[in-house]
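Novice: Okay, so here is input.txt, and as you'll see once you scroll down, it has compact mmCIF, C-alpha atoms.
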```txt
# COMPACT_ATOMS: atom_id res chain seq x y z
CA MET X 1 67.34 -25.11 -69.95
CA ASN X 2 68.86 -21.76 -70.76
CA GLN X 3 71.87 -22.68 -68.66
CA LYS X 4 72.44 -25.83 -70.72
CA HIS X 5 72.31 -23.94 -74.01
CA GLN X 6 74.76 -21.39 -72.76
CA GLU X 7 77.13 -24.16 -71.73
CA ASP X 8 76.65 -25.86 -75.10
CA LEU X 9 77.67 -22.68 -76.90
CA ALA X 10 80.69 -22.22 -74.64
CA HIS X 11 81.67 -25.85 -75.25
CA ILE X 12 81.39 -25.42 -79.04
CA ARG X 13 83.53 -22.31 -78.96
CA SER X 14 86.19 -23.88 -76.75
CA MET X 15 86.37 -27.07 -78.86
CA MET X 16 86.76 -25.06 -82.07
CA GLU X 17 89.49 -22.98 -80.45
CA ARG X 18 91.34 -25.90 -78.85
CA SER X 19 91.34 -27.99 -82.01
CA SER X 20 92.39 -25.32 -84.48
CA ARG X 21 94.90 -23.25 -82.55
CA PHE X 22 98.14 -24.07 -80.79
CA ILE X 23 97.38 -22.65 -77.35
CA SER X 24 100.03 -24.42 -75.27
CA LEU X 25 102.46 -21.64 -76.09
CA SER X 26 103.50 -20.08 -72.81
CA GLY X 27 104.40 -16.44 -72.33
CA LEU X 28 107.44 -17.65 -70.40
CA SER X 29 108.82 -19.10 -73.65
CA GLY X 30 108.92 -15.54 -74.98
CA VAL X 31 110.53 -14.18 -71.82
CA PHE X 32 113.31 -16.76 -71.84
CA ALA X 33 113.87 -16.47 -75.59
CA GLY X 34 114.25 -12.73 -74.99
CA LEU X 35 116.67 -13.29 -72.13
CA SER X 36 118.78 -15.63 -74.28
CA ALA X 37 118.94 -12.96 -76.98
CA MET X 38 119.89 -10.27 -74.44
CA VAL X 39 122.71 -12.37 -72.96
CA GLY X 40 123.87 -13.27 -76.48
CA GLY X 41 123.74 -9.62 -77.57
CA MET X 42 125.75 -8.47 -74.55
CA TYR X 43 128.30 -11.19 -75.22
CA VAL X 44 128.65 -10.01 -78.83
CA TYR X 45 129.18 -6.44 -77.65
CA LEU X 46 131.97 -7.57 -75.32
CA LEU X 47 133.41 -9.74 -78.08
CA PHE X 48 133.63 -6.67 -80.34
CA LYS X 49 135.36 -4.81 -77.56
CA SER X 50 137.94 -7.53 -77.04
CA ASN X 51 138.58 -7.43 -80.79
CA GLY X 52 139.34 -3.73 -80.56
CA ILE X 53 135.99 -2.59 -82.01
CA ASP X 54 134.00 -0.03 -80.03
CA TYR X 55 130.51 -0.57 -81.39
CA PHE X 56 129.14 2.90 -80.72
CA THR X 57 132.02 5.05 -81.91
CA ASP X 58 133.77 3.27 -84.76
CA GLU X 59 132.13 4.41 -87.99
CA HIS X 60 133.73 1.96 -90.35
CA ARG X 61 134.15 -1.36 -88.72
CA SER X 62 135.77 -4.24 -90.46
CA TYR X 63 135.16 -7.77 -89.39
CA SER X 64 137.65 -10.56 -89.78
CA PHE X 65 136.44 -13.86 -91.11
CA ALA X 66 137.18 -15.52 -87.76
CA LEU X 67 134.98 -12.97 -85.99
CA VAL X 68 132.10 -13.45 -88.43
CA LYS X 69 132.37 -17.19 -87.92
CA GLU X 70 132.21 -16.74 -84.16
CA LEU X 71 129.20 -14.40 -84.49
CA PHE X 72 127.45 -17.01 -86.58
CA TRP X 73 127.91 -19.70 -83.94
CA ILE X 74 126.75 -17.35 -81.18
CA GLY X 75 123.60 -16.79 -83.21
CA VAL X 76 123.09 -20.55 -83.53
CA ALA X 77 123.62 -20.99 -79.77
CA ILE X 78 121.07 -18.26 -78.94
CA MET X 79 118.52 -19.86 -81.23
CA PHE X 80 119.19 -23.27 -79.69
CA PHE X 81 118.53 -21.98 -76.16
CA ALA X 82 115.47 -19.98 -77.24
CA VAL X 83 113.92 -23.05 -78.90
CA LEU X 84 114.88 -25.26 -75.94
CA PHE X 85 113.14 -22.91 -73.50
CA GLY X 86 110.18 -22.66 -75.86
CA ILE X 87 109.73 -26.43 -75.93
CA PHE X 88 110.25 -26.75 -72.17
CA PHE X 89 107.58 -24.20 -71.21
CA THR X 90 105.17 -25.48 -73.85
CA ILE X 91 105.36 -29.01 -72.47
CA ARG X 92 105.00 -27.66 -68.94
CA LYS X 93 101.90 -25.62 -69.80
CA SER X 94 100.21 -28.37 -71.78
CA LYS X 95 100.77 -30.84 -68.93
CA LYS X 96 99.33 -28.38 -66.44
CA TYR X 97 96.15 -27.83 -68.48
CA SER X 98 96.13 -31.35 -69.99
CA LEU X 99 96.21 -29.98 -73.53
CA PRO X 100 97.39 -32.24 -76.36
CA ILE X 101 100.66 -31.00 -77.89
CA TRP X 102 101.25 -32.73 -81.21
CA THR X 103 97.98 -31.83 -82.95
CA SER X 104 97.29 -30.74 -86.50
CA ALA X 105 97.07 -27.16 -85.17
CA THR X 106 100.65 -27.47 -83.89
CA LYS X 107 101.84 -28.87 -87.21
CA ASN X 108 100.08 -26.08 -89.13
CA MET X 109 101.57 -23.48 -86.82
CA LEU X 110 105.12 -24.85 -87.20
CA PHE X 111 104.79 -25.14 -90.97
CA ASN X 112 103.52 -21.58 -91.37
CA LEU X 113 106.20 -20.27 -89.04
CA GLY X 114 108.90 -22.39 -90.63
CA VAL X 115 108.59 -21.45 -94.30
CA PRO X 116 109.49 -17.74 -93.96
CA LEU X 117 112.11 -18.61 -91.32
CA VAL X 118 113.94 -21.11 -93.53
CA VAL X 119 113.79 -18.75 -96.51
CA GLY X 120 115.06 -15.92 -94.30
CA GLY X 121 117.84 -18.12 -92.96
CA ILE X 122 119.06 -19.00 -96.45
CA PHE X 123 118.77 -15.34 -97.46
CA CYS X 124 121.00 -14.37 -94.53
CA LEU X 125 123.51 -17.07 -95.39
CA ALA X 126 123.72 -15.54 -98.88
CA LEU X 127 124.28 -12.09 -97.35
CA ILE X 128 127.10 -13.47 -95.21
CA TYR X 129 128.52 -15.32 -98.22
CA TYR X 130 128.79 -12.04 -100.16
CA GLY X 131 130.07 -10.17 -97.10
CA ILE X 132 127.04 -7.87 -96.84
CA TYR X 133 126.95 -8.15 -93.05
CA GLY X 134 125.08 -4.92 -92.43
CA PHE X 135 121.86 -6.34 -93.84
CA VAL X 136 121.87 -9.52 -91.76
CA ALA X 137 120.26 -8.04 -88.65
CA PRO X 138 117.45 -6.21 -90.53
CA ALA X 139 116.80 -9.35 -92.61
CA THR X 140 116.50 -11.60 -89.53
CA LEU X 141 114.01 -9.18 -87.95
CA ILE X 142 111.95 -8.81 -91.14
CA PHE X 143 111.73 -12.53 -91.93
CA TYR X 144 110.99 -13.36 -88.30
CA GLY X 145 108.20 -10.76 -88.25
CA LEU X 146 106.70 -12.21 -91.44
CA ALA X 147 106.94 -15.73 -90.02
CA VAL X 148 105.10 -14.78 -86.82
CA ILE X 149 102.36 -12.96 -88.74
CA ASN X 150 102.03 -16.00 -91.00
CA ALA X 151 101.64 -18.37 -88.03
CA GLU X 152 99.14 -16.12 -86.24
CA LYS X 153 96.04 -17.92 -87.50
CA TYR X 154 97.14 -21.17 -85.85
CA THR X 155 97.96 -19.84 -82.40
CA PHE X 156 96.98 -16.94 -80.10
CA SER X 157 96.06 -14.20 -82.52
CA ASP X 158 97.83 -11.64 -80.29
CA VAL X 159 101.17 -12.87 -81.61
CA LYS X 160 100.52 -10.81 -84.73
CA TYR X 161 101.34 -7.67 -82.73
CA LEU X 162 104.73 -9.16 -81.93
CA GLY X 163 105.15 -9.96 -85.63
CA PHE X 164 104.27 -6.44 -86.77
CA SER X 165 106.59 -4.88 -84.17
CA GLN X 166 109.51 -7.03 -85.34
CA LEU X 167 108.70 -6.20 -88.95
CA LEU X 168 108.58 -2.46 -88.26
CA LEU X 169 111.83 -2.62 -86.32
CA GLY X 170 113.48 -4.54 -89.16
CA LEU X 171 112.33 -1.98 -91.72
CA ILE X 172 113.63 0.94 -89.65
CA SER X 173 116.98 -0.79 -89.16
CA LEU X 174 117.28 -1.17 -92.95
CA PHE X 175 117.91 2.58 -93.07
CA LEU X 176 120.24 2.61 -90.07
CA ILE X 177 122.76 0.04 -91.22
CA GLY X 178 125.58 -0.31 -88.74
CA TYR X 179 123.35 -0.39 -85.68
CA GLY X 180 122.11 -3.90 -86.32
CA LEU X 181 123.17 -5.24 -82.94
CA ILE X 182 121.09 -2.62 -81.13
CA PHE X 183 117.98 -3.31 -83.20
CA TRP X 184 118.58 -7.00 -82.81
CA ILE X 185 118.70 -6.73 -79.00
CA ILE X 186 115.56 -4.56 -78.98
CA GLY X 187 113.68 -6.94 -81.30
CA PHE X 188 114.69 -10.39 -80.18
CA GLY X 189 115.49 -9.41 -76.61
CA ILE X 190 113.29 -6.64 -75.24
CA LEU X 191 110.22 -7.19 -77.46
CA HIS X 192 110.16 -10.92 -76.65
CA ILE X 193 110.41 -10.26 -72.92
CA LEU X 194 107.71 -7.55 -72.93
CA TYR X 195 105.41 -9.58 -75.13
CA GLY X 196 106.03 -12.77 -73.15
CA LEU X 197 105.17 -11.06 -69.88
CA MET X 198 101.95 -9.65 -71.39
CA MET X 199 100.93 -13.07 -72.69
CA PHE X 200 101.83 -14.75 -69.43
CA ARG X 201 99.59 -12.39 -67.46
CA LYS X 202 96.75 -12.61 -69.96
CA TYR X 203 96.57 -16.40 -70.42
CA LYS X 204 97.90 -17.63 -67.11
CA MET H 1 55.96 -25.42 -83.29
CA GLY H 2 58.21 -23.76 -80.68
CA ILE H 3 61.83 -22.98 -81.29
CA ILE H 4 62.90 -25.62 -78.76
CA ASP H 5 61.48 -28.35 -81.00
CA LYS H 6 63.78 -27.25 -83.78
CA LEU H 7 66.90 -28.08 -81.79
CA ASN H 8 68.52 -31.10 -83.33
CA LYS H 9 68.20 -34.17 -81.09
CA ASP H 10 71.32 -35.67 -82.62
CA PHE H 11 73.38 -32.90 -81.06
CA GLU H 12 72.02 -33.20 -77.57
CA SER H 13 75.09 -34.95 -76.19
CA ARG H 14 78.11 -32.86 -75.29
CA VAL H 15 80.43 -35.37 -76.96
CA ARG H 16 78.62 -35.15 -80.30
CA LEU H 17 78.60 -31.39 -80.05
CA GLY H 18 82.36 -31.54 -79.48
CA ILE H 19 82.99 -33.87 -82.43
CA MET H 20 81.00 -31.61 -84.74
CA SER H 21 82.70 -28.42 -83.45
CA ILE H 22 86.16 -29.88 -84.06
CA LEU H 23 85.24 -31.10 -87.54
CA MET H 24 83.76 -27.73 -88.49
CA VAL H 25 87.20 -26.10 -88.23
CA ASN H 26 89.48 -29.01 -89.23
CA GLU H 27 89.51 -31.07 -92.40
CA TRP H 28 90.37 -34.64 -91.37
CA VAL H 29 90.86 -35.45 -87.69
CA ASP H 30 92.12 -38.86 -86.61
CA PHE H 31 90.83 -41.01 -83.77
CA THR H 32 93.66 -40.34 -81.29
CA GLU H 33 93.61 -36.60 -81.74
CA MET H 34 89.81 -36.48 -81.42
CA LYS H 35 89.99 -38.58 -78.28
CA THR H 36 92.59 -36.38 -76.58
CA LEU H 37 90.86 -33.15 -77.61
CA LEU H 38 87.55 -34.30 -76.16
CA ASN H 39 89.17 -36.11 -73.25
CA ILE H 40 86.96 -39.20 -73.59
CA THR H 41 87.45 -42.96 -73.79
CA ASP H 42 87.82 -45.06 -76.97
CA GLY H 43 84.41 -46.67 -76.57
CA ASN H 44 82.69 -43.38 -75.93
CA LEU H 45 84.13 -41.83 -79.08
CA ALA H 46 83.39 -44.93 -81.16
CA SER H 47 79.71 -45.03 -80.20
CA HIS H 48 79.06 -41.31 -80.65
CA SER H 49 80.90 -41.13 -83.95
CA ALA H 50 78.96 -44.15 -85.18
CA ALA H 51 75.70 -42.38 -84.34
CA LEU H 52 76.78 -39.28 -86.22
CA GLU H 53 77.81 -41.41 -89.18
CA LYS H 54 74.42 -43.09 -89.18
CA ALA H 55 72.77 -39.67 -89.36
CA GLU H 56 75.09 -38.97 -92.33
CA TYR H 57 76.59 -35.97 -90.54
CA ILE H 58 80.14 -37.26 -90.62
CA GLU H 59 82.20 -39.55 -92.81
CA ILE H 60 84.46 -42.16 -91.22
CA LYS H 61 87.55 -43.28 -93.11
CA LYS H 62 89.40 -46.41 -92.06
CA GLU H 63 92.81 -47.09 -93.54
CA PHE H 64 96.11 -48.76 -92.72
CA VAL H 65 99.24 -46.77 -92.07
CA GLY H 66 101.89 -49.48 -92.23
CA LYS H 67 100.36 -52.21 -90.14
CA LYS H 68 98.38 -49.92 -87.85
CA PRO H 69 94.72 -49.20 -88.55
CA LYS H 70 93.87 -45.51 -88.61
CA THR H 71 90.42 -44.00 -88.30
CA SER H 72 89.73 -40.44 -89.39
CA TYR H 73 86.65 -38.26 -89.41
CA GLN H 74 85.36 -35.57 -91.73
CA VAL H 75 82.13 -33.59 -91.64
CA THR H 76 79.70 -34.07 -94.54
CA GLU H 77 77.83 -31.26 -96.29
CA LYS H 78 74.63 -32.42 -94.60
CA GLY H 79 76.35 -32.37 -91.22
CA ARG H 80 77.73 -28.90 -91.82
CA GLN H 81 74.26 -27.59 -92.67
CA ALA H 82 72.61 -29.29 -89.69
CA PHE H 83 75.24 -28.03 -87.28
CA LYS H 84 74.99 -24.47 -88.59
CA GLU H 85 71.21 -24.55 -88.11
CA HIS H 86 71.61 -25.97 -84.63
CA LEU H 87 74.09 -23.24 -83.79
CA SER H 88 71.86 -20.43 -85.02
CA TYR H 89 68.89 -21.82 -83.05
CA LEU H 90 71.05 -21.94 -79.94
CA GLU H 91 72.06 -18.35 -80.49
CA LYS H 92 68.48 -17.29 -81.08
CA LEU H 93 67.45 -19.00 -77.87
CA MET H 94 70.11 -17.14 -75.96
CA LYS H 95 68.92 -13.80 -77.31
CA SER H 96 65.22 -14.35 -76.53
```
Take the structure in the file and give it back as structure tokens.

Specialist:
Amino acid sequence: MNQKHQEDLAHIRSMMERSSRFISLSGLSGVFAGLSAMVGGMYVYLLFKSNGIDYFTDEHRSYSFALVKELFWIGVAIMFFAVLFGIFFTIRKSKKYSLPIWTSATKNMLFNLGVPLVVGGIFCLALIYYGIYGFVAPATLIFYGLAVINAEKYTFSDVKYLGFSQLLLGLISLFLIGYGLIFWIIGFGILHILYGLMMFRKYK
Amino acid sequence: MGIIDKLNKDFESRVRLGIMSILMVNEWVDFTEMKTLLNITDGNLASHSAALEKAEYIEIKKEFVGKKPKTSYQVTEKGRQAFKEHLSYLEKLMKS
């Protein structure tokens, strides 16, 4: 009898969890998003070099419009691959554990993640429009951190640590303008990989 | 009267327990989502949800989205109370 009650309680807990949180998110999504950002970041560094800009020594760098345009499209490409990997590993994990994907928890998660991201994206476009390039990297980190913290209640609650780390990194980089690429690689690259590996081991 | 007698008979089945758990943390849940979450058949869900509706623990809404019929569930205040009591009895039982 006791056994049955214990199982009942476990069942209740699992059903509440499964129905209200998006738990198909795989740690591997984070790892591959991080890898995309690292590759993208390296490419940008080399691109600077081929344009005659040495990122670590030139104090006052000036960017041509053509270069900024290229940087923008690299950013779009990185995001595309990160999202693609995210979707791929999510589908793979939910198939493996026969979890439903398109639930109201998923929709809530995407909505809560999406609002700060879209606002941040428009904010960055405005920064680019006015030529204030130095603030783009800090702004992407800060808005991304806020988005993750906002989505935390609809997925694994551990993601909030990722959100706070990105936020902190973004705030620090606000006072070290000119090193945006480095902070960007640490935040979107290294943090994603570390966090993804931790999640992958924990929820495998 | 022993504590065992206080356990709600309406919640004896695992499926009903699942339906109630899901509705406690979600506002409106539709038929398809409920079915996939619980991993049960159409008939199974229909009969258990009907029983819970009869006990006035849940509300069933039937509407048309375009030409397709759509069934959704929501917990009632009575159902919320009953489930909370059931849960606290279960927890008490585990402690004793």

Novice: When you draw a straight line from CA of Ser20 in chain X to CA of Asn26 in chain H, how long is it in Å?

Specialist: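 Straight-line distance from CA of Ser20 in chain X to CA of Asn26 in chain H works out to 6.7 Å.
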
Novice: To one decimal place, how far is CA of Ser14 in chain X from CA of Val83 in chain X in Å?

Specialist: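 Here the two named atoms are 27.8 Å from each other.
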
Novice: Which is closest to chain H among X:Pro138, X:Pro100, X:Gly34, X:Gly189, if we use only C-alpha atoms?

Specialist: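 Counting only C-alpha atoms, the residue closest to chain H is X:Pro100.
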
Novice: Could you make a table, as CSV, of the residues of chain H that have an atom within 7 Å of an atom of chain X, each with its nearest atom pair and distance in Å to one decimal, counting all atoms listed in the file, in chain and number order?

Specialist:
```
residue,atom,partner,partner_atom,distance
H:Leu17,CA,X:Ile12,CA,6.7
H:Gly18,CA,X:Met15,CA,6.0
H:Ser21,CA,X:Met16,CA,5.4
H:Ile22,CA,X:Met16,CA,5.2
H:Val25,CA,X:Met16,CA,6.3
H:Asn26,CA,X:Ser20,CA,6.7
H:Glu33,CA,X:Thr103,CA,6.6
H:Thr36,CA,X:Pro100,CA,6.3
H:Leu37,CA,X:Pro100,CA,6.7
H:Leu90,CA,X:His5,CA,6.4
```

Novice: Can you work out which one of X:Ser29, X:Ser24, X:Gln166, X:Thr57 has the shortest atom-to-atom distance to Met198 in chain X, counting all atoms listed in the file?

Specialist: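 Nearest candidate to Met198 in chain X out of X:Ser29, X:Ser24, X:Gln166, X:Thr57: X:Ser29.
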
Novice: Could you check which residues have any atom within 12 Å of (113.6, -10.9, -71.6), counting all atoms listed in the file with coordinates taken straight from the file, and then list them as a short mmCIF file (atom, residue, chain, number, x, y, z; two decimals) with C-alpha atoms, keeping the file's coordinate frame?

Specialist:
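Output file result-v7.cif follows:
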```
data_model
loop_
_atom_site.label_atom_id
_atom_site.label_comp_id
_atom_site.auth_asym_id
_atom_site.auth_seq_id
_atom_site.Cartn_x
_atom_site.Cartn_y
_atom_site.Cartn_z
CA GLY X 27 104.40 -16.44 -72.33
CA LEU X 28 107.44 -17.65 -70.40
CA SER X 29 108.82 -19.10 -73.65
CA GLY X 30 108.92 -15.54 -74.98
CA VAL X 31 110.53 -14.18 -71.82
CA PHE X 32 113.31 -16.76 -71.84
CA ALA X 33 113.87 -16.47 -75.59
CA GLY X 34 114.25 -12.73 -74.99
CA LEU X 35 116.67 -13.29 -72.13
CA SER X 36 118.78 -15.63 -74.28
CA ALA X 37 118.94 -12.96 -76.98
CA MET X 38 119.89 -10.27 -74.44
CA VAL X 39 122.71 -12.37 -72.96
CA GLY X 40 123.87 -13.27 -76.48
CA GLY X 41 123.74 -9.62 -77.57
CA ALA X 82 115.47 -19.98 -77.24
CA ILE X 185 118.70 -6.73 -79.00
CA ILE X 186 115.56 -4.56 -78.98
CA GLY X 187 113.68 -6.94 -81.30
CA PHE X 188 114.69 -10.39 -80.18
CA GLY X 189 115.49 -9.41 -76.61
CA ILE X 190 113.29 -6.64 -75.24
CA LEU X 191 110.22 -7.19 -77.46
CA HIS X 192 110.16 -10.92 -76.65
CA ILE X 193 110.41 -10.26 -72.92
CA LEU X 194 107.71 -7.55 -72.93
CA TYR X 195 105.41 -9.58 -75.13
CA GLY X 196 106.03 -12.77 -73.15
CA LEU X 197 105.17 -11.06 -69.88
CA MET X 198 101.95 -9.65 -71.39
#
```

Novice: Leaving out range 152-155 of chain X and any residue of its chain fewer than 4 positions from it, which residues lie within 8 Å of it when counting all atoms listed in the file, given as a PyMOL selection string?

Specialist: chain X and resi 20-23+25+105-106+108-109+148+159-160
